[in-house]
Structures are given as C-alpha cells and as structure tokens.
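Below: one structure, written as structure tokens.
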Amino acid sequence: MSSALETLRRDFGGDIIEPGGAEYESASRTVVASGSPAHVLRPQSAGDVQAGVRFAASAGLLLSVRGGGHGFAGFGTNDGGVVIDLSDLADVEIIDKERHLVRIGGGATWGEVAAALGPHGLAISSGDTKSVGVGGLTLSGGIGWKVRKYGLALDNVVAAEVVTANGEVVHASAQKNPELFWAIRGGGGNFGIVTAFEFAAHPTTDIFFGKIAFPASQAATVLQGWADYMRSAPEELTSVAVFASPLAGGSDAPAEIYVAFDGDDLEFADQAIDPIRRLGTVIDDDIALKPYSDTLEDGGAPPPGIQFVVRSAFVDRESVPDIVHILAEARASEQPPVIAVRSVGGAVSRVPDDATAYGHRQAELMLVTIAVGPKPAVEAARPALETIWEKLAPHVNGAYANFLTSATKEDAAAIYPAQTYKRLAAVKRRYDPGNLLARNHNVRPQ
Ligand SMILES: Cc1cc2nc3c(=O)[nH]c(=O)nc-3n(C[C@H](O)[C@H](O)[C@H](O)COP(=O)(O)OP(=O)(O)OC[C@H]3O[C@@H](n4cnc5c(N)ncnc54)[C@H](O)[C@@H]3O)c2cc1C
C-alpha cells in the first residue's frame, strides 16, 4: 500500500469505497454519468475532506467532487481517480432565527433544504428539482422558482467554509477572504470544496404554481407575448416556457408556460398571471396554491444508457424576436430537442456585474436545449441540434455552466466573460496553483 493511502486510511473517518466493494457500483456513478474511480471517499466532516484532498494531491490522482450528482458534464466521477462524495455532509440548520441565516452542508440537496425550512416559513430560491445538489447548482448560479424576486441561489450566500486544494479550511465571506468569496459565487468548483454554505433564507408563504398550456401551433405567438410580458411583470412572478417535451408529444407537444407566483394573495396572483392566460387558447391551466417544497420535482436517476446533450445560452432584449422565430421553427421540426426558456432579469440584474463571478446578469432570458435518449437516438439528433445552434449563434451570448454537457475551452470562455475569467485565474493561482480541482468548467491558474 502506498504511504499516501496508508495516511488516508489512518486519517479518514468516513467510508472508503473501492472496486469490488458492496456499494462501488452505485458510488462510482452520478445521476447522468458512469465512471470507474479507484477510490470513492464519503467524508463525515471537514477534516475528512481535508484528508481526502491531501490524499488525491500526494497520490497524484485525478480528483472529482460530487455534491448532488446531477451535473450534466459528469464532473462528479472519473476513471482511475478519487471521488470525494459529499452526500453525508447534508445537515440543514437555522443558525440565526432573526436574520434567517441557515447553514447547509456542501452535499445537501435542495429537497432536503426545502423540507427543513418549510416548517419555519422559510425558503431559498434555488432550482426546480429536489434531488439536485446545493453545491453544484449554487457555485455556478442557481436559477429557480423565485429567481426574479430573490436572485440566483448564489446571491443568497453570505459565507462558506471551504477546503482548498492544499487541504486547509478557509472561511469566505464579504469580510473574510473576499476574493475567494467572490470567485465561488459563479466560478463553480474551481477554488475549493465547500463543506458548508451559509445562506440568508427568505420568508415564504404557500405560493401559486402550475402550468398553462397552449396548442403547439400557437407556440411562436405565445413565446413572443410571454417574453414581452415578463419584461414588466411583477418580480413575484417567475416563469419558464417549455416546448417540444418528448413526454408530451415532441413537435406536437403543447406550448407550456410554467409560472410560480411568490405569494398567497389570489387577486394579486391573478393580476400577475392573467396576461399570460390571454396569450392564446388555454387548453390546460393547473395553477394552484402549494407549499414551496411541493413545487419542486422529485428528480431521480434516468435508466442506465440514457444520454444527455444539454446546451444553453443567454438572450438580450433586442434578440428576443429572432430567437422566437428560430425556436418556433425548431419546435416544429421532425425530432426537436426539449426547448426551455427561463425568464431571468428582476433581482438578478440589480446585482452589480462585478459583485460575483456570475457573468450574465443583464440577459432577459436563458435558453436551454436538451436532447435525451439512448446513445443512437441522441447521436442521430445531433446534426439537427447543430443546425439549430448555428441559427441561434448570432442572436445569443454566453452559456450557463449548470446546463452544459460539454466542457471545452470555448465553453469556459462562454461561461466566464473575459474580465471575469482573468480575475478568476488570479484567484485560482492563489488557492489552487497546481489545478488539482480541474474536473469542472476549468479556470487555469495564471
Ligand atoms: C433534473 C435536473 C434539474 C435541474 N434544474 C435546475 C434548475 O432548476 N436551476 C438550475 O440553475 N440548475 C438546474 N439544474 C442544473 C444543476 O444546477 C447542475 O446540474 C448542477 O451541477 C448540479 O449540482 P450537483 O451538486 O447535483 O451536481 P454534482 O454532479 O454533484 O456536482 C457538479 C460539480 O459541481 C462542483 N461541486 C458540487 N458540490 C460542490 C461543493 N460542495 N464544493 C465544491 N464543488 C462542488 C464540483 O465541481 C462537481 O463536480 C438541473 C439539473 C438536473 C439534472
């Protein structure tokens, strides 16, 4: 046994899972990717994370970090290296009732957070799925059902406990290590392993939530009207337009507008939602008052062999008519990808551009295409997908790291605007000069 491994076995308090072990098969996979790591480590404390990081560095092994395991690029596993699986660091604790401060373990999921905070009348704007991890989603953004009122998930982070690449525990906040605090809010897992986040939660009532569906043939007018309306809609309203869902019939699928209205006042909610109802012929409307935690989907793992190709980009106001036209055409094609367009703006765009490392605050919309299925079907869909993105290219900008299966240099350049990348590279040089944390949309130390 190598001395690095001996030291790990001495210092590490959690499970060490290796090929042949009982849990190896499930531990080596993420929700979307499979791998064959040499060691999967399940830390029980920040001290265990330190031991795991030091082991990977001294053994010269590739290091993956797994939070909720939902990252589309599959960074949460690897072949032959070390996976630090944070799933046991999942406590959710209210640490200051007056200020609604909540400490959340770096491996918690958003379902665990919503369930713990709901009984206290609190919530954190996050994503739309329970099984998605707090870590991955927050470090690169976090566009959820309250995003227009409370901003990105990362806008609600007030501090973090981080194990850096040299195995030290560092605290990051506006007061302590502010450059690291800036970098982890948008720069993904490049700068350290977050063992705990401190969030400022917000009070929540039950909220109005559901979908309004229109015939597929009205998709273009509905999307244009929806985008125009969301520009001036109250910030209590957050909305996502979905087209061509394969579960609802692909190109014949109705145009679905999901809405979340942050409040329980029926009159105000109707005033905010009715302009959407008037966009076309409503064929379904299931909006109802629900606890915030019930608005989140369960998620869960797709069957083995299912692949994803996920691409994303941001849309500024002047490009909306062009993208409406292109997406309406794409939706009607023979084998369309799922197309989802999320309204952003609101609280996201009020945070100064340089306050965090998230790069696309002035966009009105974030659009995502998802091709999903067995490998041959996804491969067959690729040329049509390329054509759609070639048409979109002149009218969109950037990329949202959380909705990307690829991880090229070009992707990093799309995620991090040039000035942001330069500043991130300097923080990387300070906290991870050897680029140990490289399984991410990588920022190279400079
Ligand atoms: C079904 C589904 C629904 C989704 N819905 C939304 C949504 O509504 N809004 C949205 O914004 N995004 C959404 N996403 C995208 C999601 O934000 C990303 O997939 C994200 O990477 C998931 O985080 P994770 O911790 O579950 O993933 P993982 O695969 O565990 O982590 C991905 C990477 O993030 C980094 N990381 C994770 N945790 C830590 C940590 N504690 N410290 C340091 N680095 C860490 C590591 O680099 C890790 O490899 C969704 C994804 C799926 C699959």
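Residues in the structure tokens are numbered from 1 in each chain, the chains being A, B, ... in the order shown, and ligands are numbered from 1 in the order shown.
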Counting only C-alpha atoms and all ligand atoms, give me one row per residue of chain A with an atom at most 7 Å from an atom of ligand 1, showing the shortest contact pair and its distance in Å to one decimal, sorted by chain then residue number, as CSV.
residue,atom,partner,partner_atom_place_in_ligand_line,distance
A:Thr30,CA,ligand 1,29 (O),6.5
A:Ser64,CA,ligand 1,49 (O),5.7
A:Val65,CA,ligand 1,49 (O),4.5
A:Arg66,CA,ligand 1,30 (O),3.6
A:Gly67,CA,ligand 1,30 (O),3.3
A:Gly68,CA,ligand 1,26 (O),3.2
A:Gly69,CA,ligand 1,30 (O),3.2
A:His70,CA,ligand 1,26 (O),3.7
A:Gly71,CA,ligand 1,19 (O),3.4
A:Phe72,CA,ligand 1,19 (O),5.2
A:Gly74,CA,ligand 1,29 (O),5.9
A:Phe75,CA,ligand 1,49 (O),4.0
A:Gly76,CA,ligand 1,49 (O),4.0
A:Leu86,CA,ligand 1,41 (N),6.8
A:Gly106,CA,ligand 1,41 (N),3.8
A:Gly107,CA,ligand 1,41 (N),5.6
A:Ser126,CA,ligand 1,9 (N),6.5
A:Gly127,CA,ligand 1,8 (O),3.3
A:Asp128,CA,ligand 1,8 (O),3.8
A:Thr129,CA,ligand 1,3 (C),5.2
A:Val132,CA,ligand 1,26 (O),4.1
A:Gly133,CA,ligand 1,26 (O),3.4
A:Val134,CA,ligand 1,25 (O),5.6
A:Gly135,CA,ligand 1,38 (N),3.3
A:Gly136,CA,ligand 1,23 (O),3.2
A:Leu137,CA,ligand 1,17 (O),3.5
A:Leu139,CA,ligand 1,45 (C),6.9
A:Gly141,CA,ligand 1,11 (O),5.9
A:Gly142,CA,ligand 1,11 (O),3.6
A:Ile143,CA,ligand 1,11 (O),3.9
A:Gly144,CA,ligand 1,8 (O),5.0
A:Gly188,CA,ligand 1,35 (C),5.9
A:Gly189,CA,ligand 1,44 (N),3.7
A:Asn190,CA,ligand 1,47 (O),6.8
A:Gly192,CA,ligand 1,43 (C),5.7
A:Ile193,CA,ligand 1,42 (N),3.7
A:Val194,CA,ligand 1,42 (N),3.8
A:Thr195,CA,ligand 1,41 (N),5.6
A:Gly299,CA,ligand 1,1 (C),5.2
A:Asn402,CA,ligand 1,18 (C),4.3
A:Phe403,CA,ligand 1,15 (C),5.6
A:Arg439,CA,ligand 1,47 (O),5.9
A:Asn440,CA,ligand 1,47 (O),4.7
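When DSSP is run on the backbone, the residues of range 320-376 of chain A that fall into strand (DSSP E or B) are A:Val338, A:Ile339, A:Ala340, A:Val341, A:Arg342, A:Ser343, A:Leu365, A:Met366, A:Leu367, A:Val368, A:Thr369, A:Ile370, A:Ala371, A:Val372, A:Gly373, A:Pro374.
Computed from the coordinates, the CA of Trp145 in chain A to CA of Val32 in chain A distance equals 23.2 Å.
The space separating CA of Pro321 in chain A from CA of Phe214 in chain A comes to 19.2 Å.
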If you count only C-alpha atoms, which residues fall within 12 Å of Val282 in chain A, apart from same-chain ones fewer than 4 positions away, as a PDB file with all heavy atoms, in the first residue's frame?
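That gives us out.pdb:
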ATOM      1  N   LYS A 211     -48.909  25.123 -14.478  1.00  0.00           N
ATOM      2  CA  LYS A 211     -48.607  25.416 -15.887  1.00  0.00           C
ATOM      3  C   LYS A 211     -49.880  25.805 -16.637  1.00  0.00           C
ATOM      4  O   LYS A 211     -50.990  25.354 -16.301  1.00  0.00           O
ATOM      5  CB  LYS A 211     -47.902  24.249 -16.562  1.00  0.00           C
ATOM      6  CG  LYS A 211     -48.755  23.082 -16.883  1.00  0.00           C
ATOM      7  CD  LYS A 211     -48.032  22.127 -17.827  1.00  0.00           C
ATOM      8  CE  LYS A 211     -48.954  21.005 -18.269  1.00  0.00           C
ATOM      9  NZ  LYS A 211     -49.452  20.153 -17.193  1.00  0.00           N
ATOM     10  N   ILE A 212     -49.674  26.631 -17.654  1.00  0.00           N
ATOM     11  CA  ILE A 212     -50.748  26.992 -18.566  1.00  0.00           C
ATOM     12  C   ILE A 212     -50.303  26.469 -19.929  1.00  0.00           C
ATOM     13  O   ILE A 212     -49.175  26.761 -20.352  1.00  0.00           O
ATOM     14  CB  ILE A 212     -50.922  28.526 -18.624  1.00  0.00           C
ATOM     15  CG1 ILE A 212     -51.110  29.083 -17.202  1.00  0.00           C
ATOM     16  CG2 ILE A 212     -52.092  28.908 -19.512  1.00  0.00           C
ATOM     17  CD1 ILE A 212     -50.982  30.599 -17.131  1.00  0.00           C
ATOM     18  N   ALA A 213     -51.157  25.676 -20.581  1.00  0.00           N
ATOM     19  CA  ALA A 213     -50.743  25.087 -21.863  1.00  0.00           C
ATOM     20  C   ALA A 213     -51.560  25.667 -23.009  1.00  0.00           C
ATOM     21  O   ALA A 213     -52.754  25.957 -22.868  1.00  0.00           O
ATOM     22  CB  ALA A 213     -50.908  23.572 -21.805  1.00  0.00           C
ATOM     23  N   PHE A 214     -50.884  25.825 -24.154  1.00  0.00           N
ATOM     24  CA  PHE A 214     -51.497  26.349 -25.381  1.00  0.00           C
ATOM     25  C   PHE A 214     -51.216  25.360 -26.515  1.00  0.00           C
ATOM     26  O   PHE A 214     -50.220  24.623 -26.456  1.00  0.00           O
ATOM     27  CB  PHE A 214     -50.874  27.703 -25.738  1.00  0.00           C
ATOM     28  CG  PHE A 214     -51.006  28.743 -24.649  1.00  0.00           C
ATOM     29  CD1 PHE A 214     -50.022  28.875 -23.672  1.00  0.00           C
ATOM     30  CD2 PHE A 214     -52.120  29.575 -24.596  1.00  0.00           C
ATOM     31  CE1 PHE A 214     -50.138  29.823 -22.671  1.00  0.00           C
ATOM     32  CE2 PHE A 214     -52.240  30.528 -23.591  1.00  0.00           C
ATOM     33  CZ  PHE A 214     -51.256  30.646 -22.623  1.00  0.00           C
ATOM     34  N   PRO A 215     -52.033  25.362 -27.576  1.00  0.00           N
ATOM     35  CA  PRO A 215     -51.761  24.426 -28.689  1.00  0.00           C
ATOM     36  C   PRO A 215     -50.374  24.686 -29.282  1.00  0.00           C
ATOM     37  O   PRO A 215     -49.924  25.838 -29.332  1.00  0.00           O
ATOM     38  CB  PRO A 215     -52.852  24.772 -29.716  1.00  0.00           C
ATOM     39  CG  PRO A 215     -53.883  25.553 -28.977  1.00  0.00           C
ATOM     40  CD  PRO A 215     -53.212  26.194 -27.806  1.00  0.00           C
ATOM     41  N   ALA A 216     -49.737  23.602 -29.758  1.00  0.00           N
ATOM     42  CA  ALA A 216     -48.396  23.715 -30.343  1.00  0.00           C
ATOM     43  C   ALA A 216     -48.368  24.774 -31.445  1.00  0.00           C
ATOM     44  O   ALA A 216     -47.380  25.519 -31.569  1.00  0.00           O
ATOM     45  CB  ALA A 216     -47.980  22.358 -30.915  1.00  0.00           C
ATOM     46  N   GLN A 218     -49.641  27.536 -31.618  1.00  0.00           N
ATOM     47  CA  GLN A 218     -49.570  28.929 -31.144  1.00  0.00           C
ATOM     48  C   GLN A 218     -48.232  29.238 -30.464  1.00  0.00           C
ATOM     49  O   GLN A 218     -48.062  30.307 -29.860  1.00  0.00           O
ATOM     50  CB  GLN A 218     -50.731  29.207 -30.172  1.00  0.00           C
ATOM     51  CG  GLN A 218     -52.090  29.109 -30.848  1.00  0.00           C
ATOM     52  CD  GLN A 218     -53.265  29.332 -29.887  1.00  0.00           C
ATOM     53  OE1 GLN A 218     -53.081  29.647 -28.719  1.00  0.00           O
ATOM     54  NE2 GLN A 218     -54.459  29.155 -30.407  1.00  0.00           N
ATOM     55  N   ALA A 219     -47.276  28.303 -30.566  1.00  0.00           N
ATOM     56  CA  ALA A 219     -46.022  28.444 -29.813  1.00  0.00           C
ATOM     57  C   ALA A 219     -45.333  29.786 -30.074  1.00  0.00           C
ATOM     58  O   ALA A 219     -44.879  30.451 -29.140  1.00  0.00           O
ATOM     59  CB  ALA A 219     -45.079  27.291 -30.147  1.00  0.00           C
ATOM     60  N   VAL A 222     -47.241  32.772 -28.538  1.00  0.00           N
ATOM     61  CA  VAL A 222     -47.223  32.665 -27.067  1.00  0.00           C
ATOM     62  C   VAL A 222     -45.828  33.040 -26.539  1.00  0.00           C
ATOM     63  O   VAL A 222     -45.698  33.817 -25.593  1.00  0.00           O
ATOM     64  CB  VAL A 222     -47.634  31.243 -26.610  1.00  0.00           C
ATOM     65  CG1 VAL A 222     -47.338  31.030 -25.130  1.00  0.00           C
ATOM     66  CG2 VAL A 222     -49.112  30.998 -26.895  1.00  0.00           C
ATOM     67  N   PRO A 254     -47.936  20.568 -26.560  1.00  0.00           N
ATOM     68  CA  PRO A 254     -48.421  21.929 -26.349  1.00  0.00           C
ATOM     69  C   PRO A 254     -47.279  22.849 -25.893  1.00  0.00           C
ATOM     70  O   PRO A 254     -46.277  22.374 -25.357  1.00  0.00           O
ATOM     71  CB  PRO A 254     -49.445  21.776 -25.211  1.00  0.00           C
ATOM     72  CG  PRO A 254     -49.604  20.332 -24.950  1.00  0.00           C
ATOM     73  CD  PRO A 254     -48.537  19.585 -25.676  1.00  0.00           C
ATOM     74  N   ALA A 255     -47.471  24.137 -26.136  1.00  0.00           N
ATOM     75  CA  ALA A 255     -46.536  25.123 -25.584  1.00  0.00           C
ATOM     76  C   ALA A 255     -46.931  25.324 -24.131  1.00  0.00           C
ATOM     77  O   ALA A 255     -48.068  25.695 -23.839  1.00  0.00           O
ATOM     78  CB  ALA A 255     -46.663  26.427 -26.360  1.00  0.00           C
ATOM     79  N   GLU A 256     -45.994  25.026 -23.213  1.00  0.00           N
ATOM     80  CA  GLU A 256     -46.335  25.081 -21.785  1.00  0.00           C
ATOM     81  C   GLU A 256     -45.620  26.258 -21.124  1.00  0.00           C
ATOM     82  O   GLU A 256     -44.412  26.423 -21.283  1.00  0.00           O
ATOM     83  CB  GLU A 256     -45.887  23.788 -21.090  1.00  0.00           C
ATOM     84  CG  GLU A 256     -46.628  22.572 -21.604  1.00  0.00           C
ATOM     85  CD  GLU A 256     -46.074  21.265 -21.037  1.00  0.00           C
ATOM     86  OE1 GLU A 256     -44.882  21.227 -20.661  1.00  0.00           O
ATOM     87  OE2 GLU A 256     -46.832  20.289 -20.987  1.00  0.00           O
ATOM     88  N   ILE A 257     -46.377  27.046 -20.401  1.00  0.00           N
ATOM     89  CA  ILE A 257     -45.774  28.139 -19.627  1.00  0.00           C
ATOM     90  C   ILE A 257     -45.938  27.788 -18.150  1.00  0.00           C
ATOM     91  O   ILE A 257     -47.055  27.736 -17.635  1.00  0.00           O
ATOM     92  CB  ILE A 257     -46.468  29.488 -19.918  1.00  0.00           C
ATOM     93  CG1 ILE A 257     -46.506  29.805 -21.420  1.00  0.00           C
ATOM     94  CG2 ILE A 257     -45.787  30.599 -19.122  1.00  0.00           C
ATOM     95  CD1 ILE A 257     -45.178  30.161 -22.040  1.00  0.00           C
ATOM     96  N   ASP A 274     -52.835  36.540 -15.274  1.00  0.00           N
ATOM     97  CA  ASP A 274     -53.835  36.640 -16.347  1.00  0.00           C
ATOM     98  C   ASP A 274     -53.271  37.086 -17.703  1.00  0.00           C
ATOM     99  O   ASP A 274     -53.686  36.548 -18.743  1.00  0.00           O
ATOM    100  CB  ASP A 274     -54.996  37.546 -15.922  1.00  0.00           C
ATOM    101  CG  ASP A 274     -55.987  36.786 -15.031  1.00  0.00           C
ATOM    102  OD1 ASP A 274     -55.867  35.541 -14.949  1.00  0.00           O
ATOM    103  OD2 ASP A 274     -56.861  37.431 -14.410  1.00  0.00           O
ATOM    104  N   PRO A 275     -52.330  38.044 -17.740  1.00  0.00           N
ATOM    105  CA  PRO A 275     -51.799  38.415 -19.069  1.00  0.00           C
ATOM    106  C   PRO A 275     -51.202  37.217 -19.808  1.00  0.00           C
ATOM    107  O   PRO A 275     -51.206  37.179 -21.039  1.00  0.00           O
ATOM    108  CB  PRO A 275     -50.718  39.451 -18.732  1.00  0.00           C
ATOM    109  CG  PRO A 275     -51.172  40.050 -17.433  1.00  0.00           C
ATOM    110  CD  PRO A 275     -51.806  38.910 -16.675  1.00  0.00           C
ATOM    111  N   ILE A 276     -50.697  36.217 -19.060  1.00  0.00           N
ATOM    112  CA  ILE A 276     -50.173  35.010 -19.731  1.00  0.00           C
ATOM    113  C   ILE A 276     -51.347  34.175 -20.239  1.00  0.00           C
ATOM    114  O   ILE A 276     -51.322  33.674 -21.372  1.00  0.00           O
ATOM    115  CB  ILE A 276     -49.264  34.205 -18.768  1.00  0.00           C
ATOM    116  CG1 ILE A 276     -48.021  35.039 -18.432  1.00  0.00           C
ATOM    117  CG2 ILE A 276     -48.874  32.861 -19.382  1.00  0.00           C
ATOM    118  CD1 ILE A 276     -47.044  34.389 -17.468  1.00  0.00           C
ATOM    119  N   ARG A 277     -52.386  34.067 -19.436  1.00  0.00           N
ATOM    120  CA  ARG A 277     -53.563  33.283 -19.873  1.00  0.00           C
ATOM    121  C   ARG A 277     -54.152  33.858 -21.166  1.00  0.00           C
ATOM    122  O   ARG A 277     -54.738  33.124 -21.963  1.00  0.00           O
ATOM    123  CB  ARG A 277     -54.640  33.282 -18.778  1.00  0.00           C
ATOM    124  CG  ARG A 277     -54.204  32.558 -17.503  1.00  0.00           C
ATOM    125  CD  ARG A 277     -55.343  32.465 -16.508  1.00  0.00           C
ATOM    126  NE  ARG A 277     -55.023  31.571 -15.414  1.00  0.00           N
ATOM    127  CZ  ARG A 277     -54.822  31.967 -14.136  1.00  0.00           C
ATOM    128  NH1 ARG A 277     -54.938  33.243 -13.790  1.00  0.00           N
ATOM    129  NH2 ARG A 277     -54.531  31.080 -13.216  1.00  0.00           N
ATOM    130  N   ARG A 278     -54.001  35.165 -21.379  1.00  0.00           N
ATOM    131  CA  ARG A 278     -54.606  35.800 -22.566  1.00  0.00           C
ATOM    132  C   ARG A 278     -53.736  35.684 -23.815  1.00  0.00           C
ATOM    133  O   ARG A 278     -54.099  36.197 -24.866  1.00  0.00           O
ATOM    134  CB  ARG A 278     -54.875  37.279 -22.257  1.00  0.00           C
ATOM    135  CG  ARG A 278     -56.014  37.480 -21.238  1.00  0.00           C
ATOM    136  CD  ARG A 278     -56.529  38.902 -21.266  1.00  0.00           C
ATOM    137  NE  ARG A 278     -55.581  39.845 -20.718  1.00  0.00           N
ATOM    138  CZ  ARG A 278     -55.536  40.234 -19.424  1.00  0.00           C
ATOM    139  NH1 ARG A 278     -56.434  39.759 -18.564  1.00  0.00           N
ATOM    140  NH2 ARG A 278     -54.642  41.101 -19.010  1.00  0.00           N
ATOM    141  N   ASP A 286     -53.372  24.445 -14.564  1.00  0.00           N
ATOM    142  CA  ASP A 286     -53.465  23.727 -13.281  1.00  0.00           C
ATOM    143  C   ASP A 286     -52.831  24.520 -12.141  1.00  0.00           C
ATOM    144  O   ASP A 286     -52.342  23.943 -11.171  1.00  0.00           O
ATOM    145  CB  ASP A 286     -52.859  22.316 -13.400  1.00  0.00           C
ATOM    146  CG  ASP A 286     -51.361  22.344 -13.688  1.00  0.00           C
ATOM    147  OD1 ASP A 286     -50.771  23.440 -13.708  1.00  0.00           O
ATOM    148  OD2 ASP A 286     -50.782  21.252 -13.890  1.00  0.00           O
TER     149      ASP A 286
END
Best match for closeness to Gly186 in chain A among A:Pro376, A:Pro234, A:Gly359, A:Gly13, counting only C-alpha atoms: A:Gly359
From A:Leu279, A:Val338, A:Ala115, A:Val320, residue lying nearest Thr295 in chain A [only C-alpha atoms]: A:Ala115
For range 154-229 of chain A against range 322-330 of chain A, with a cut-off of 9 Å and counting only C-alpha atoms, what is the closest atom pair and its distance in Å to one decimal for every residue that makes the cut, ordered by chain and number, as JSON lines?
{"residue": "A:Ala219", "atom": "CA", "partner": "A:Ala328", "partner_atom": "CA", "distance": 6.3}
{"residue": "A:Ala220", "atom": "CA", "partner": "A:Ala328", "partner_atom": "CA", "distance": 5.3}
{"residue": "A:Thr221", "atom": "CA", "partner": "A:Val324", "partner_atom": "CA", "distance": 8.5}
{"residue": "A:Leu223", "atom": "CA", "partner": "A:Val324", "partner_atom": "CA", "distance": 6.5}
{"residue": "A:Gln224", "atom": "CA", "partner": "A:Val324", "partner_atom": "CA", "distance": 6.2}
Name the residues in contact with range 411-424 of chain A at a cut-off of 7 Å, using only C-alpha atoms, excluding same-chain residues fewer than 3 positions from it; report them as a PyMOL selection string. chain A and resi 183+357+359+398-401+407-408+427-428+441-443
Got time to write the residues from that selection, C-alpha atoms, as an mmCIF file, in the first residue's frame?
data_model
loop_
_atom_site.group_PDB
_atom_site.id
_atom_site.type_symbol
_atom_site.label_atom_id
_atom_site.label_comp_id
_atom_site.auth_asym_id
_atom_site.auth_seq_id
_atom_site.Cartn_x
_atom_site.Cartn_y
_atom_site.Cartn_z
ATOM 1 C CA ALA A 183 -14.904 33.550 -7.003
ATOM 2 C CA ALA A 357 -18.243 35.782 -10.690
ATOM 3 C CA GLY A 359 -21.348 36.577 -15.760
ATOM 4 C CA GLY A 398 -22.568 33.189 -23.221
ATOM 5 C CA ALA A 399 -23.546 29.888 -21.643
ATOM 6 C CA TYR A 400 -24.959 28.813 -18.283
ATOM 7 C CA ALA A 401 -22.470 26.369 -16.703
ATOM 8 C CA ALA A 407 -16.532 21.337 -21.070
ATOM 9 C CA THR A 408 -14.264 22.754 -23.748
ATOM 10 C CA VAL A 427 -7.832 33.648 -7.516
ATOM 11 C CA LYS A 428 -7.145 30.160 -8.879
ATOM 12 C CA HIS A 441 -15.527 24.189 -16.301
ATOM 13 C CA ASN A 442 -11.919 24.835 -15.665
ATOM 14 C CA VAL A 443 -10.225 28.117 -14.897
#
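Non-sequential neighbours of range 37-47 of chain A (distance at most 8 Å, separation of 4 or more positions within a chain, only C-alpha atoms) are Phe12, Gly13, Gly14, Asp15, Ile16, Ile17, Glu18, Pro19, Tyr24, Ala27, Ser28, Ala51, Gly52, Thr77, Asn78, Asp79, Gly80, Gly81, Val82, Val83, Ile84, Asp85, Leu86, Ser87, Asp88, Leu89, Val163, Val169 and Thr195 of chain A.
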Name the residues in contact with His395 in chain A at a cut-off of 9 Å, using only C-alpha atoms, excluding same-chain residues fewer than 2 positions from it; report them as a PyMOL selection string. chain A and resi 315-316+318-320+322-323+391-393+397
With N, CA, C and O atoms retained, export the selected residues as a CSV table (one decimal), in the first residue's frame.
chain,number,residue,atom,x,y,z
A,315,VAL,N,-30.1,35.4,-23.7
A,315,VAL,CA,-30.7,36.2,-24.7
A,315,VAL,C,-30.9,37.6,-24.2
A,315,VAL,O,-31.5,37.8,-23.1
A,316,ASP,N,-30.4,38.6,-24.9
A,316,ASP,CA,-30.7,40.0,-24.5
A,316,ASP,C,-32.0,40.5,-25.2
A,316,ASP,O,-32.4,39.9,-26.2
A,318,GLU,N,-32.9,42.8,-27.4
A,318,GLU,CA,-33.1,43.1,-28.8
A,318,GLU,C,-33.1,41.8,-29.6
A,318,GLU,O,-33.6,41.8,-30.8
A,319,SER,N,-32.7,40.7,-29.1
A,319,SER,CA,-32.6,39.4,-29.9
A,319,SER,C,-33.8,38.5,-29.7
A,319,SER,O,-33.9,37.5,-30.3
A,320,VAL,N,-34.7,39.0,-28.8
A,320,VAL,CA,-35.9,38.1,-28.5
A,320,VAL,C,-36.7,37.7,-29.8
A,320,VAL,O,-36.9,36.5,-30.0
A,322,ASP,N,-35.8,37.4,-32.8
A,322,ASP,CA,-35.1,36.4,-33.7
A,322,ASP,C,-35.1,35.0,-33.0
A,322,ASP,O,-35.3,34.1,-33.7
A,323,ILE,N,-34.9,35.0,-31.7
A,323,ILE,CA,-34.8,33.6,-31.2
A,323,ILE,C,-36.2,33.0,-31.1
A,323,ILE,O,-36.4,31.8,-31.3
A,391,LYS,N,-28.1,28.6,-36.2
A,391,LYS,CA,-29.0,29.7,-36.4
A,391,LYS,C,-29.1,30.6,-35.2
A,391,LYS,O,-29.2,31.8,-35.3
A,392,LEU,N,-29.0,30.0,-34.0
A,392,LEU,CA,-29.1,30.8,-32.8
A,392,LEU,C,-27.9,31.7,-32.6
A,392,LEU,O,-28.0,32.8,-32.0
A,393,ALA,N,-26.7,31.2,-33.0
A,393,ALA,CA,-25.5,31.8,-32.6
A,393,ALA,C,-25.4,33.3,-32.7
A,393,ALA,O,-24.9,34.0,-31.8
A,397,ASN,N,-25.8,34.9,-26.4
A,397,ASN,CA,-24.5,35.1,-25.9
A,397,ASN,C,-24.2,34.2,-24.7
A,397,ASN,O,-25.2,33.8,-24.0
Nearest-residue call for Ala200 in chain A, choices A:Asp155, A:Glu25, A:Glu235, A:Glu179, using only C-alpha atoms: A:Asp155
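Here the question is which of A:Ala165, A:Ala269, A:Tyr292, A:Pro374 gets nearest to Ala123 in chain A using only C-alpha atoms, and that residue is A:Tyr292.
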Measuring atom to atom with only C-alpha atoms, identify which of A:Gly60, A:Pro119, A:Gly280, A:Gly105 is nearest to Val162 in chain A. A:Gly105
